[in-house]
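Structure file entry.pdb (PDB, C-alpha atoms and all ligand atoms) follows.
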```pdb
MODEL        1
ATOM      1  CA  ALA O1461     125.095  43.199 -32.577
ATOM      2  CA  ASP O1462     126.389  45.909 -30.284
ATOM      3  CA  THR O1463     129.678  44.462 -29.064
ATOM      4  CA  LEU O1464     132.801  43.466 -30.985
ATOM      5  CA  GLY O1465     132.569  39.868 -29.825
ATOM      6  CA  ALA O1466     128.894  39.456 -30.710
ATOM      7  CA  ALA O1467     129.342  41.122 -34.102
ATOM      8  CA  ALA O1468     132.347  38.914 -34.918
ATOM      9  CA  ALA O1469     130.417  35.832 -33.774
ATOM     10  CA  GLU O1470     127.682  36.625 -36.298
ATOM     11  CA  ARG O1471     130.441  36.362 -38.907
ATOM     12  CA  GLY O1472     131.721  33.100 -37.406
ATOM     13  CA  ARG O1473     134.854  34.713 -35.952
ATOM     14  CA  TYR O1474     136.249  35.519 -32.517
ATOM     15  CA  PHE O1475     137.314  39.024 -31.505
ATOM     16  CA  GLY O1476     140.072  38.970 -28.893
ATOM     17  CA  ALA O1477     142.364  41.165 -26.835
ATOM     18  CA  ALA O1478     145.784  40.731 -25.283
ATOM     19  CA  VAL O1479     145.384  40.773 -21.507
ATOM     20  CA  ALA O1480     147.826  41.376 -18.640
ATOM     21  CA  ALA O1481     147.151  39.543 -15.375
ATOM     22  CA  ASN O1482     148.099  42.554 -13.260
ATOM     23  CA  HIS O1483     145.156  44.567 -14.619
ATOM     24  CA  LEU O1484     142.500  41.991 -13.756
ATOM     25  CA  GLY O1485     141.804  43.840 -10.493
ATOM     26  CA  GLU O1486     140.830  47.051 -12.313
ATOM     27  CA  ALA O1487     137.046  47.163 -12.648
ATOM     28  CA  PRO O1488     136.679  49.092 -15.932
ATOM     29  CA  TYR O1489     139.439  47.008 -17.527
ATOM     30  CA  VAL O1490     137.615  43.803 -16.642
ATOM     31  CA  SER O1491     134.157  45.059 -17.572
ATOM     32  CA  THR O1492     135.403  46.265 -20.976
ATOM     33  CA  LEU O1493     137.146  42.948 -21.545
ATOM     34  CA  ASP O1494     134.154  40.873 -20.486
ATOM     35  CA  THR O1495     131.630  42.924 -22.452
ATOM     36  CA  GLU O1496     133.450  43.303 -25.743
ATOM     37  CA  PHE O1497     135.791  40.360 -26.318
ATOM     38  CA  THR O1498     135.373  36.626 -26.924
ATOM     39  CA  SER O1499     139.036  35.563 -26.864
ATOM     40  CA  VAL O1500     142.086  36.530 -24.828
ATOM     41  CA  THR O1501     145.831  36.227 -25.385
ATOM     42  CA  PRO O1502     148.088  36.528 -22.326
ATOM     43  CA  GLU O1503     150.342  39.463 -23.259
ATOM     44  CA  ASN O1504     153.453  38.158 -21.450
ATOM     45  CA  GLU O1505     152.360  35.516 -18.949
ATOM     46  CA  MET O1506     152.860  32.414 -21.128
ATOM     47  CA  LYS O1507     156.279  33.418 -22.422
ATOM     48  CA  TRP O1508     159.235  31.210 -21.563
ATOM     49  CA  ASP O1509     160.714  33.533 -18.903
ATOM     50  CA  ALA O1510     157.334  33.638 -17.156
ATOM     51  CA  VAL O1511     156.489  29.925 -17.133
ATOM     52  CA  GLU O1512     159.877  28.194 -16.957
ATOM     53  CA  PRO O1513     162.328  30.618 -15.341
ATOM     54  CA  THR O1514     164.376  27.696 -14.032
ATOM     55  CA  ARG O1515     164.898  24.545 -16.048
ATOM     56  CA  ASP O1516     161.975  22.130 -15.646
ATOM     57  CA  THR O1517     160.383  24.215 -12.869
ATOM     58  CA  PHE O1518     157.110  25.653 -14.131
ATOM     59  CA  THR O1519     155.311  28.724 -12.762
ATOM     60  CA  PHE O1520     151.850  29.063 -14.246
ATOM     61  CA  GLY O1521     150.228  31.355 -11.658
ATOM     62  CA  SER O1522     149.808  34.536 -13.706
ATOM     63  CA  ALA O1523     148.866  32.723 -16.890
ATOM     64  CA  ASP O1524     146.388  30.584 -14.963
ATOM     65  CA  ARG O1525     144.681  33.699 -13.625
ATOM     66  CA  ILE O1526     144.059  34.898 -17.178
ATOM     67  CA  VAL O1527     142.953  31.492 -18.454
ATOM     68  CA  ASP O1528     140.618  30.944 -15.487
ATOM     69  CA  HIS O1529     139.078  34.386 -15.896
ATOM     70  CA  ALA O1530     138.576  33.937 -19.629
ATOM     71  CA  ARG O1531     137.018  30.516 -19.315
ATOM     72  CA  SER O1532     134.708  31.609 -16.512
ATOM     73  CA  LYS O1533     133.338  34.204 -18.964
ATOM     74  CA  GLY O1534     133.113  31.770 -21.878
ATOM     75  CA  MET O1535     136.017  33.301 -23.788
ATOM     76  CA  LYS O1536     138.530  31.347 -25.846
ATOM     77  CA  VAL O1537     142.256  31.550 -25.136
ATOM     78  CA  ARG O1538     145.160  31.894 -27.593
ATOM     79  CA  GLY O1539     148.442  30.498 -26.316
ATOM     80  CA  HIS O1540     151.386  32.849 -26.840
ATOM     81  CA  THR O1541     154.137  31.708 -27.276
ATOM     82  CA  LEU O1542     156.264  28.529 -27.037
ATOM     83  CA  VAL O1543     159.440  29.002 -29.100
ATOM     84  CA  TRP O1544     160.713  32.557 -29.547
ATOM     85  CA  HIS O1545     164.105  34.272 -29.392
ATOM     86  CA  SER O1546     162.898  36.930 -26.929
ATOM     87  CA  GLN O1547     161.807  36.913 -23.274
ATOM     88  CA  LEU O1548     163.890  33.807 -22.645
ATOM     89  CA  PRO O1549     165.425  33.078 -19.253
ATOM     90  CA  GLY O1550     169.217  33.117 -19.154
ATOM     91  CA  TRP O1551     169.538  29.357 -18.815
ATOM     92  CA  VAL O1552     168.060  28.808 -22.289
ATOM     93  CA  SER O1553     170.607  31.085 -23.927
ATOM     94  CA  GLY O1554     173.341  29.229 -22.053
ATOM     95  CA  LEU O1555     172.422  25.733 -23.290
ATOM     96  CA  GLY O1556     175.570  23.998 -24.482
ATOM     97  CA  THR O1557     174.890  21.309 -27.029
ATOM     98  CA  ALA O1558     172.309  20.641 -29.727
ATOM     99  CA  ASP O1559     170.962  17.684 -27.737
ATOM    100  CA  ASP O1560     170.549  19.887 -24.691
ATOM    101  CA  ALA O1561     168.748  22.598 -26.680
ATOM    102  CA  ARG O1562     166.503  19.983 -28.301
ATOM    103  CA  SER O1563     165.479  18.396 -25.028
ATOM    104  CA  ALA O1564     164.876  21.804 -23.398
ATOM    105  CA  MET O1565     162.690  22.962 -26.310
ATOM    106  CA  ASN O1566     160.657  19.778 -26.494
ATOM    107  CA  ASN O1567     160.226  19.580 -22.725
ATOM    108  CA  HIS O1568     159.054  23.203 -22.627
ATOM    109  CA  ILE O1569     156.506  22.712 -25.401
ATOM    110  CA  THR O1570     155.241  19.465 -23.911
ATOM    111  CA  LYS O1571     154.884  20.593 -20.304
ATOM    112  CA  VAL O1572     153.298  23.967 -21.080
ATOM    113  CA  MET O1573     150.848  22.532 -23.579
ATOM    114  CA  GLN O1574     149.930  19.622 -21.331
ATOM    115  CA  HIS O1575     149.217  22.028 -18.475
ATOM    116  CA  TYR O1576     146.678  23.873 -20.671
ATOM    117  CA  LYS O1577     145.545  20.847 -22.660
ATOM    118  CA  GLY O1578     142.027  21.260 -24.038
ATOM    119  CA  ARG O1579     141.811  24.908 -22.929
ATOM    120  CA  ILE O1580     143.689  26.693 -25.745
ATOM    121  CA  HIS O1581     142.091  27.161 -29.155
ATOM    122  CA  SER O1582     145.323  28.136 -30.963
ATOM    123  CA  TRP O1583     148.978  28.131 -29.945
ATOM    124  CA  ASP O1584     151.711  30.323 -31.395
ATOM    125  CA  VAL O1585     154.178  27.429 -31.510
ATOM    126  CA  VAL O1586     156.955  29.424 -33.163
ATOM    127  CA  ASN O1587     157.124  33.227 -33.089
ATOM    128  CA  GLU O1588     159.260  35.561 -35.219
ATOM    129  CA  ALA O1589     161.740  33.086 -36.708
ATOM    130  CA  PHE O1590     162.772  35.337 -39.606
ATOM    131  CA  GLN O1591     164.865  38.487 -39.899
ATOM    132  CA  ASP O1592     163.461  41.749 -41.172
ATOM    133  CA  GLY O1593     164.544  43.053 -44.541
ATOM    134  CA  GLU O1594     165.237  41.505 -47.887
ATOM    135  CA  SER O1595     167.330  38.471 -46.954
ATOM    136  CA  GLY O1596     164.548  36.083 -45.999
ATOM    137  CA  ALA O1597     167.062  34.590 -43.573
ATOM    138  CA  ARG O1598     166.326  32.970 -40.265
ATOM    139  CA  ARG O1599     166.836  35.012 -37.139
ATOM    140  CA  SER O1600     169.461  33.971 -34.626
ATOM    141  CA  SER O1601     168.103  32.254 -31.510
ATOM    142  CA  PRO O1602     169.318  29.480 -29.232
ATOM    143  CA  PHE O1603     167.121  27.069 -31.234
ATOM    144  CA  GLN O1604     168.136  28.259 -34.691
ATOM    145  CA  ASP O1605     171.789  28.493 -33.759
ATOM    146  CA  LYS O1606     172.056  25.074 -32.091
ATOM    147  CA  LEU O1607     169.485  23.003 -34.003
ATOM    148  CA  GLY O1608     169.409  24.617 -37.439
ATOM    149  CA  ASP O1609     166.394  25.159 -39.682
ATOM    150  CA  GLY O1610     164.752  21.874 -38.646
ATOM    151  CA  TYR O1611     163.835  23.163 -35.190
ATOM    152  CA  ILE O1612     160.572  24.614 -36.484
ATOM    153  CA  GLU O1613     159.255  21.326 -37.843
ATOM    154  CA  GLU O1614     160.356  19.565 -34.674
ATOM    155  CA  ALA O1615     158.548  22.148 -32.522
ATOM    156  CA  PHE O1616     155.297  21.662 -34.456
ATOM    157  CA  ARG O1617     155.503  17.864 -34.254
ATOM    158  CA  THR O1618     156.136  18.019 -30.517
ATOM    159  CA  ALA O1619     153.242  20.452 -30.101
ATOM    160  CA  ARG O1620     150.768  18.243 -31.955
ATOM    161  CA  ALA O1621     151.613  15.320 -29.693
ATOM    162  CA  ALA O1622     151.197  17.444 -26.543
ATOM    163  CA  ASP O1623     147.687  18.796 -27.306
ATOM    164  CA  PRO O1624     146.163  17.327 -30.458
ATOM    165  CA  ALA O1625     143.057  19.559 -30.216
ATOM    166  CA  ALA O1626     144.903  22.889 -30.364
ATOM    167  CA  LYS O1627     145.406  24.685 -33.682
ATOM    168  CA  LEU O1628     149.139  25.160 -34.193
ATOM    169  CA  CYS O1629     150.250  28.519 -35.614
ATOM    170  CA  TYR O1630     153.379  30.205 -36.892
ATOM    171  CA  ASN O1631     153.231  33.918 -35.917
ATOM    172  CA  ASP O1632     155.256  36.923 -37.138
ATOM    173  CA  TYR O1633     155.289  40.697 -37.834
ATOM    174  CA  ASN O1634     156.183  42.694 -40.947
ATOM    175  CA  THR O1635     154.710  39.765 -42.836
ATOM    176  CA  ASP O1636     151.327  41.455 -43.307
ATOM    177  CA  GLY O1637     151.883  42.386 -46.947
ATOM    178  CA  ILE O1638     153.680  40.598 -49.775
ATOM    179  CA  ASN O1639     157.383  41.201 -49.185
ATOM    180  CA  ALA O1640     160.663  39.326 -48.752
ATOM    181  CA  LYS O1641     159.940  38.390 -45.138
ATOM    182  CA  SER O1642     156.421  37.131 -45.812
ATOM    183  CA  ASN O1643     157.761  35.244 -48.842
ATOM    184  CA  ALA O1644     160.147  33.460 -46.483
ATOM    185  CA  VAL O1645     157.261  32.527 -44.165
ATOM    186  CA  TYR O1646     155.192  31.457 -47.168
ATOM    187  CA  ASN O1647     157.980  29.139 -48.316
ATOM    188  CA  LEU O1648     158.313  27.728 -44.798
ATOM    189  CA  VAL O1649     154.598  26.942 -44.580
ATOM    190  CA  LYS O1650     154.615  25.425 -48.055
ATOM    191  CA  GLU O1651     157.526  23.192 -47.116
ATOM    192  CA  LEU O1652     155.974  22.154 -43.808
ATOM    193  CA  LYS O1653     152.755  21.238 -45.592
ATOM    194  CA  ALA O1654     154.693  19.261 -48.223
ATOM    195  CA  ARG O1655     156.371  17.328 -45.416
ATOM    196  CA  ASN O1656     153.028  16.687 -43.679
ATOM    197  CA  ALA O1657     154.185  18.629 -40.647
ATOM    198  CA  PRO O1658     151.297  19.653 -38.365
ATOM    199  CA  ILE O1659     150.826  23.384 -39.006
ATOM    200  CA  ASP O1660     147.226  24.663 -38.958
ATOM    201  CA  CYS O1661     147.451  28.443 -38.995
ATOM    202  CA  VAL O1662     149.565  31.507 -39.599
ATOM    203  CA  GLY O1663     149.282  34.550 -37.343
ATOM    204  CA  PHE O1664     149.815  38.045 -38.721
ATOM    205  CA  GLN O1665     150.696  40.315 -35.828
ATOM    206  CA  SER O1666     149.670  43.482 -37.669
ATOM    207  CA  HIS O1667     151.428  46.146 -35.615
ATOM    208  CA  PHE O1668     150.957  49.241 -37.771
ATOM    209  CA  ASN O1669     152.201  52.839 -37.605
ATOM    210  CA  SER O1670     153.207  55.564 -40.050
ATOM    211  CA  ALA O1671     156.510  53.838 -40.811
ATOM    212  CA  SER O1672     154.743  50.500 -41.250
ATOM    213  CA  PRO O1673     151.203  51.197 -42.507
ATOM    214  CA  VAL O1674     148.497  48.681 -43.396
ATOM    215  CA  PRO O1675     149.814  47.222 -46.669
ATOM    216  CA  SER O1676     147.680  47.684 -49.782
ATOM    217  CA  ASP O1677     148.027  43.954 -50.487
ATOM    218  CA  TYR O1678     147.031  42.846 -46.972
ATOM    219  CA  LYS O1679     144.048  40.802 -48.167
ATOM    220  CA  GLU O1680     145.968  39.266 -51.087
ATOM    221  CA  ASN O1681     148.680  38.192 -48.671
ATOM    222  CA  LEU O1682     146.162  36.515 -46.355
ATOM    223  CA  ARG O1683     144.657  34.793 -49.369
ATOM    224  CA  ARG O1684     147.897  33.291 -50.626
ATOM    225  CA  PHE O1685     148.529  31.727 -47.208
ATOM    226  CA  VAL O1686     145.012  30.306 -47.056
ATOM    227  CA  ASP O1687     145.636  28.811 -50.487
ATOM    228  CA  LEU O1688     148.436  26.752 -48.922
ATOM    229  CA  GLY O1689     145.823  25.033 -46.744
ATOM    230  CA  VAL O1690     146.127  26.874 -43.412
ATOM    231  CA  ASP O1691     143.840  29.190 -41.458
ATOM    232  CA  VAL O1692     144.996  32.750 -40.900
ATOM    233  CA  GLN O1693     144.446  34.935 -37.834
ATOM    234  CA  ILE O1694     145.130  38.596 -37.059
ATOM    235  CA  THR O1695     146.950  38.098 -33.769
ATOM    236  CA  GLU O1696     148.311  41.370 -32.342
ATOM    237  CA  LEU O1697     146.526  44.179 -34.139
ATOM    238  CA  ASP O1698     147.278  47.746 -33.149
ATOM    239  CA  ILE O1699     147.371  50.813 -35.380
ATOM    240  CA  GLU O1700     148.977  54.080 -34.301
ATOM    241  CA  GLY O1701     147.033  57.273 -34.938
ATOM    242  CA  SER O1702     143.689  58.764 -34.016
ATOM    243  CA  GLY O1703     140.373  59.910 -35.409
ATOM    244  CA  THR O1704     139.176  59.093 -38.892
ATOM    245  CA  ALA O1705     142.523  57.927 -40.266
ATOM    246  CA  GLN O1706     142.921  55.334 -37.545
ATOM    247  CA  ALA O1707     139.273  54.312 -37.851
ATOM    248  CA  ASP O1708     139.632  53.794 -41.622
ATOM    249  CA  ASN O1709     142.693  51.615 -41.094
ATOM    250  CA  TYR O1710     140.893  49.421 -38.559
ATOM    251  CA  SER O1711     137.945  49.051 -40.861
ATOM    252  CA  ASN O1712     140.258  48.084 -43.728
ATOM    253  CA  VAL O1713     141.907  45.337 -41.647
ATOM    254  CA  VAL O1714     138.574  43.966 -40.427
ATOM    255  CA  ARG O1715     137.077  43.924 -43.919
ATOM    256  CA  SER O1716     140.170  42.168 -45.259
ATOM    257  CA  CYS O1717     139.836  39.391 -42.689
ATOM    258  CA  LEU O1718     136.111  38.990 -43.301
ATOM    259  CA  ALA O1719     136.751  38.689 -47.040
ATOM    260  CA  ILE O1720     138.820  35.556 -46.410
ATOM    261  CA  ALA O1721     136.722  32.592 -45.275
ATOM    262  CA  ARG O1722     139.631  31.032 -43.397
ATOM    263  CA  CYS O1723     140.545  34.234 -41.526
ATOM    264  CA  THR O1724     139.111  32.890 -38.280
ATOM    265  CA  GLY O1725     139.589  35.742 -35.821
ATOM    266  CA  ILE O1726     141.100  39.061 -34.874
ATOM    267  CA  THR O1727     142.979  39.922 -31.678
ATOM    268  CA  VAL O1728     143.903  43.496 -30.737
ATOM    269  CA  TRP O1729     147.087  43.887 -28.698
ATOM    270  CA  GLY O1730     145.486  45.315 -25.578
ATOM    271  CA  VAL O1731     142.175  46.517 -24.189
ATOM    272  CA  THR O1732     142.990  50.205 -23.677
ATOM    273  CA  ASP O1733     145.528  52.764 -24.892
ATOM    274  CA  LYS O1734     146.384  53.279 -21.221
ATOM    275  CA  TYR O1735     148.312  49.998 -21.134
ATOM    276  CA  SER O1736     149.468  49.669 -24.735
ATOM    277  CA  TRP O1737     153.023  48.384 -25.176
ATOM    278  CA  ARG O1738     153.557  51.279 -27.608
ATOM    279  CA  PRO O1739     154.992  54.008 -25.373
ATOM    280  CA  GLY O1740     152.896  57.142 -25.545
ATOM    281  CA  GLY O1741     150.939  55.696 -28.449
ATOM    282  CA  THR O1742     147.181  55.428 -28.881
ATOM    283  CA  PRO O1743     146.887  52.376 -31.144
ATOM    284  CA  LEU O1744     143.861  50.595 -29.621
ATOM    285  CA  LEU O1745     140.049  50.771 -29.644
ATOM    286  CA  PHE O1746     139.428  52.211 -26.157
ATOM    287  CA  ASP O1747     141.105  55.348 -24.827
ATOM    288  CA  ASP O1748     142.810  55.787 -21.458
ATOM    289  CA  ASN O1749     139.400  56.204 -19.788
ATOM    290  CA  TYR O1750     137.838  53.203 -21.518
ATOM    291  CA  ASN O1751     135.809  55.387 -23.845
ATOM    292  CA  LYS O1752     135.099  53.951 -27.277
ATOM    293  CA  LYS O1753     137.194  55.642 -29.961
ATOM    294  CA  PRO O1754     136.219  56.289 -33.600
ATOM    295  CA  ALA O1755     138.335  53.192 -34.349
ATOM    296  CA  TYR O1756     135.956  51.168 -32.166
ATOM    297  CA  ASP O1757     132.889  52.394 -34.059
ATOM    298  CA  ALA O1758     134.569  51.699 -37.397
ATOM    299  CA  THR O1759     135.527  48.198 -36.294
ATOM    300  CA  LEU O1760     132.026  47.388 -35.067
ATOM    301  CA  THR O1761     130.503  48.736 -38.279
ATOM    302  CA  ALA O1762     132.926  46.735 -40.428
ATOM    303  CA  LEU O1763     132.168  43.468 -38.599
TER
HETATM  304  C1  LIG O1801     155.229  42.587 -26.114
HETATM  305  C2  LIG O1801     154.394  42.972 -24.906
HETATM  306  O1  LIG O1801     153.252  43.664 -25.341
HETATM  307  C3  LIG O1801     155.194  43.830 -23.957
HETATM  308  O2  LIG O1801     154.494  44.043 -22.747
HETATM  309  C4  LIG O1801     156.557  43.176 -23.665
HETATM  310  O3  LIG O1801     157.339  44.060 -22.898
HETATM  311  C5  LIG O1801     157.276  42.811 -24.937
HETATM  312  O4  LIG O1801     156.452  41.992 -25.736
HETATM  313  N1  LIG O1801     155.439  40.609 -30.809
HETATM  314  C6  LIG O1801     154.963  39.622 -29.947
HETATM  315  C7  LIG O1801     154.502  40.004 -28.591
HETATM  316  O5  LIG O1801     154.834  38.463 -30.356
HETATM  317  O6  LIG O1801     154.752  38.993 -27.650
HETATM  318  C8  LIG O1801     155.122  41.297 -28.136
HETATM  319  O7  LIG O1801     154.509  41.660 -26.893
HETATM  320  C9  LIG O1801     154.928  42.380 -29.180
HETATM  321  C10 LIG O1801     155.601  41.989 -30.471
ENDMDL
END
```

In structure tokens, write the structure found in this file.
Amino acid sequence: ADTLGAAAAERGRYFGAAVAANHLGEAPYVSTLDTEFTSVTPENEMKWDAVEPTRDTFTFGSADRIVDHARSKGMKVRGHTLVWHSQLPGWVSGLGTADDARSAMNNHITKVMQHYKGRIHSWDVVNEAFQDGESGARRSSPFQDKLGDGYIEEAFRTARAADPAAKLCYNDYNTDGINAKSNAVYNLVKELKARNAPIDCVGFQSHFNSASPVPSDYKENLRRFVDLGVDVQITELDIEGSGTAQADNYSNVVRSCLAIARCTGITVWGVTDKYSWRPGGTPLLFDDNYNKKPAYDATLTAL
């Protein structure tokens, strides 16, 4: 196969990119997206501040543009994300009581998922619930602070009811190797499974740079999650660097996913370095002019 999407499909996987609605008018952006990728994740357009800026008033325009484009080209869509501490509108942070926070969270999950019902292959139901570092502790958020640890299980149960066909994922970063934070996620998933809570997948963001390189136990970490009975997905892959070093890192990540039967797909966090969220960085597969980088060739070869 001579595209990322076609090569991944031969291995039974999708190969996706994060997409921003405001670039869908740029011809080379769209042609690269349409040629190479078989899944899209809206980079910001499905986040809480974008879709429910005012309580119970939903604004799906930008996200709809991405979903409509993807589906018209036969691509899958990952939903990102329902319950997260960041990119929240002010009214969510100002919720007063636990009951109020609970009804806001459940209404948000239900209305957003119902709007896209049947059109999303996987949803990041809860994103980044744990702190970095050794503590394994939960991160502060309006949901954690008002509802306590049980908010995660409640979010997954609400999500299953809203769109029973969607795979429901927990997604996080710095959980790509075996460490205190990934141990905390592992214990969460184990507990959810023991309680018959509806979790189907774990997303590993996989944002890598020199301070946070591809861990040597990346594949072993994926495997231990799969052994709990969930799928795993590489959800936001980007790797700082250039040339052969970057290419080798991409190939390592791709080979690790392919070695795990239940690693069902890979998403890179952007189409082109030109629009990467990493300021001044070059962490993606296409350069600023949409030329294929050595990392692209290595990825295609590894698939
Ligand atoms: C980032 C986007 O790429 C940026 O455009 C935005 O300003 C901030 O969020 N983890 C996630 C993603 O789950 O939603 C984040 O995306 C990157 C880190």

What is the CA of Ala1487 in chain O to CA of Thr1742 in chain O distance in Å?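 Computing the Euclidean distance for CA of Ala1487 in chain O and CA of Thr1742 in chain O yields 20.8 Å.
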
Selection within 10 Å of ligand LIG 1801 (chain O) by all atoms listed in the file, output as JSON, numbers by chain: {"O": [1478, 1479, 1480, 1501, 1502, 1503, 1504, 1505, 1506, 1507, 1540, 1541, 1544, 1546, 1547, 1584, 1586, 1587, 1588, 1631, 1632, 1633, 1663, 1664, 1665, 1666, 1667, 1695, 1696, 1697, 1729, 1730, 1735, 1736, 1737, 1738]}

In Å, rounded to a single decimal, give me how far CA of Cys1661 in chain O is from CA of Val1537 in chain O. 15.1 Å

Select, counting all atoms listed in the file, all protein, DNA and RNA residues no farther than 12 Å from (139.4, 44.9, -40.6) in file coordinates, and express the selection as a PyMOL selection string. chain O and resi 1464+1468+1475+1666+1674+1678-1679+1693-1694+1697-1699+1706-1720+1723+1725-1728+1755-1763

Identify which of the residues O:Ala1615, O:Lys1536, O:Pro1658, O:Asn1482 lies closest to Ser1522 in chain O, counting all atoms listed in the file when measuring atom-to-atom distances. O:Asn1482

Give as an NGL selection string each residue that has an atom at most 10 Å from (135.5, 48.4, -20.1) in the file, counting only C-alpha atoms. :O and (1486-1496 or 1731-1732 or 1746 or 1749-1752)

Asp1623 in chain O environment, 8 Å, all atoms listed in the file, sequence neighbours closer than 2 positions dropped, as a list of chain:residue names: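 Result of the neighbour search: O:Met1573, O:Gln1574, O:Lys1577, O:Gly1578, O:Ala1619, O:Arg1620, O:Ala1621, O:Ala1625, O:Ala1626.
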
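Taking only C-alpha atoms into account, Thr1514 in chain O lies nearest to O:Val1552 out of the set O:Ala1530, O:Val1552, O:Val1543, O:Val1585.
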
What are the centre and edge lengths in Å, to one decimal, of the axis-aligned box around all listed atoms of range 1492-1502 of chain O with 8 Å added on each side, as lines of an AutoDock Vina configuration file?
```
center_x = 139.9
center_y = 40.9
center_z = -23.7
size_x = 32.5
size_y = 26.7
size_z = 22.4
```

CA of Tyr1646 in chain O to CA of Gly1539 in chain O, straight-line distance in Å: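 That distance, rounded to one decimal, is 21.9 Å.
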
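Under the PyMOL selection byres (((chain O and resi 1628) around 6) and not hetatm), the matching residues in the shown file are Ser1582, Trp1583, Lys1627, Cys1629, Ile1659 and Asp1660 of chain O.
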
For each of O:Asp1528, O:Asp1677, O:Asp1687, O:Asp1559, take the minimum atom-to-atom distance to Tyr1611 in chain O, counting all atoms listed in the file, then give the residue where this is smallest.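 Comparing O:Asp1528, O:Asp1677, O:Asp1687, O:Asp1559 against Tyr1611 in chain O, the winner is O:Asp1559.
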
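Running the PyMOL selection byres (((chain O and resi 1688) around 8) and not hetatm) on this file leaves Val1649, Lys1650, Lys1653, Arg1684, Phe1685, Val1686, Asp1687, Gly1689 and Val1690 of chain O selected.
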
Counting all atoms listed in the file, what is within 7 Å of Thr1724 in chain O, bar same-chain residues fewer than 3 positions away, as a PyMOL selection string? chain O and resi 1473-1474+1691-1693

Of the listed residues O:His1545, O:Arg1562, O:His1529, O:Arg1617, that which approaches Phe1590 in chain O most closely, counting only C-alpha atoms: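 Using only C-alpha atoms, Phe1590 in chain O sits closest to O:His1545.
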
Shortest interatomic distance to Asn1681 in chain O - which of O:Thr1704, O:Val1645, O:Ala1657, O:Glu1614, counting all atoms listed in the file: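 Looking at the shortest contact to Asn1681 in chain O, the residue is O:Val1645.
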
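Of the listed residues O:Asn1634, O:Ser1563, O:Thr1618, O:Ser1595, the one whose atoms come nearest to Ala1671 in chain O is O:Asn1634, with distances taken using all atoms listed in the file.
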
So that I can see what lies close to Phe1520 in chain O, please list as number ranges by chain the residues with an atom at most 7 Å from it, counting all atoms listed in the file and leaving out residues fewer than 3 positions away in the same chain. O: 1511, 1523-1524

Expanded to explicit residues, what is the PyMOL selection byres (((chain O and resi 1558) around 12) and not hetatm) for this file, as a PyMOL selection string? chain O and resi 1552+1554-1557+1559-1565+1602-1608+1610-1611
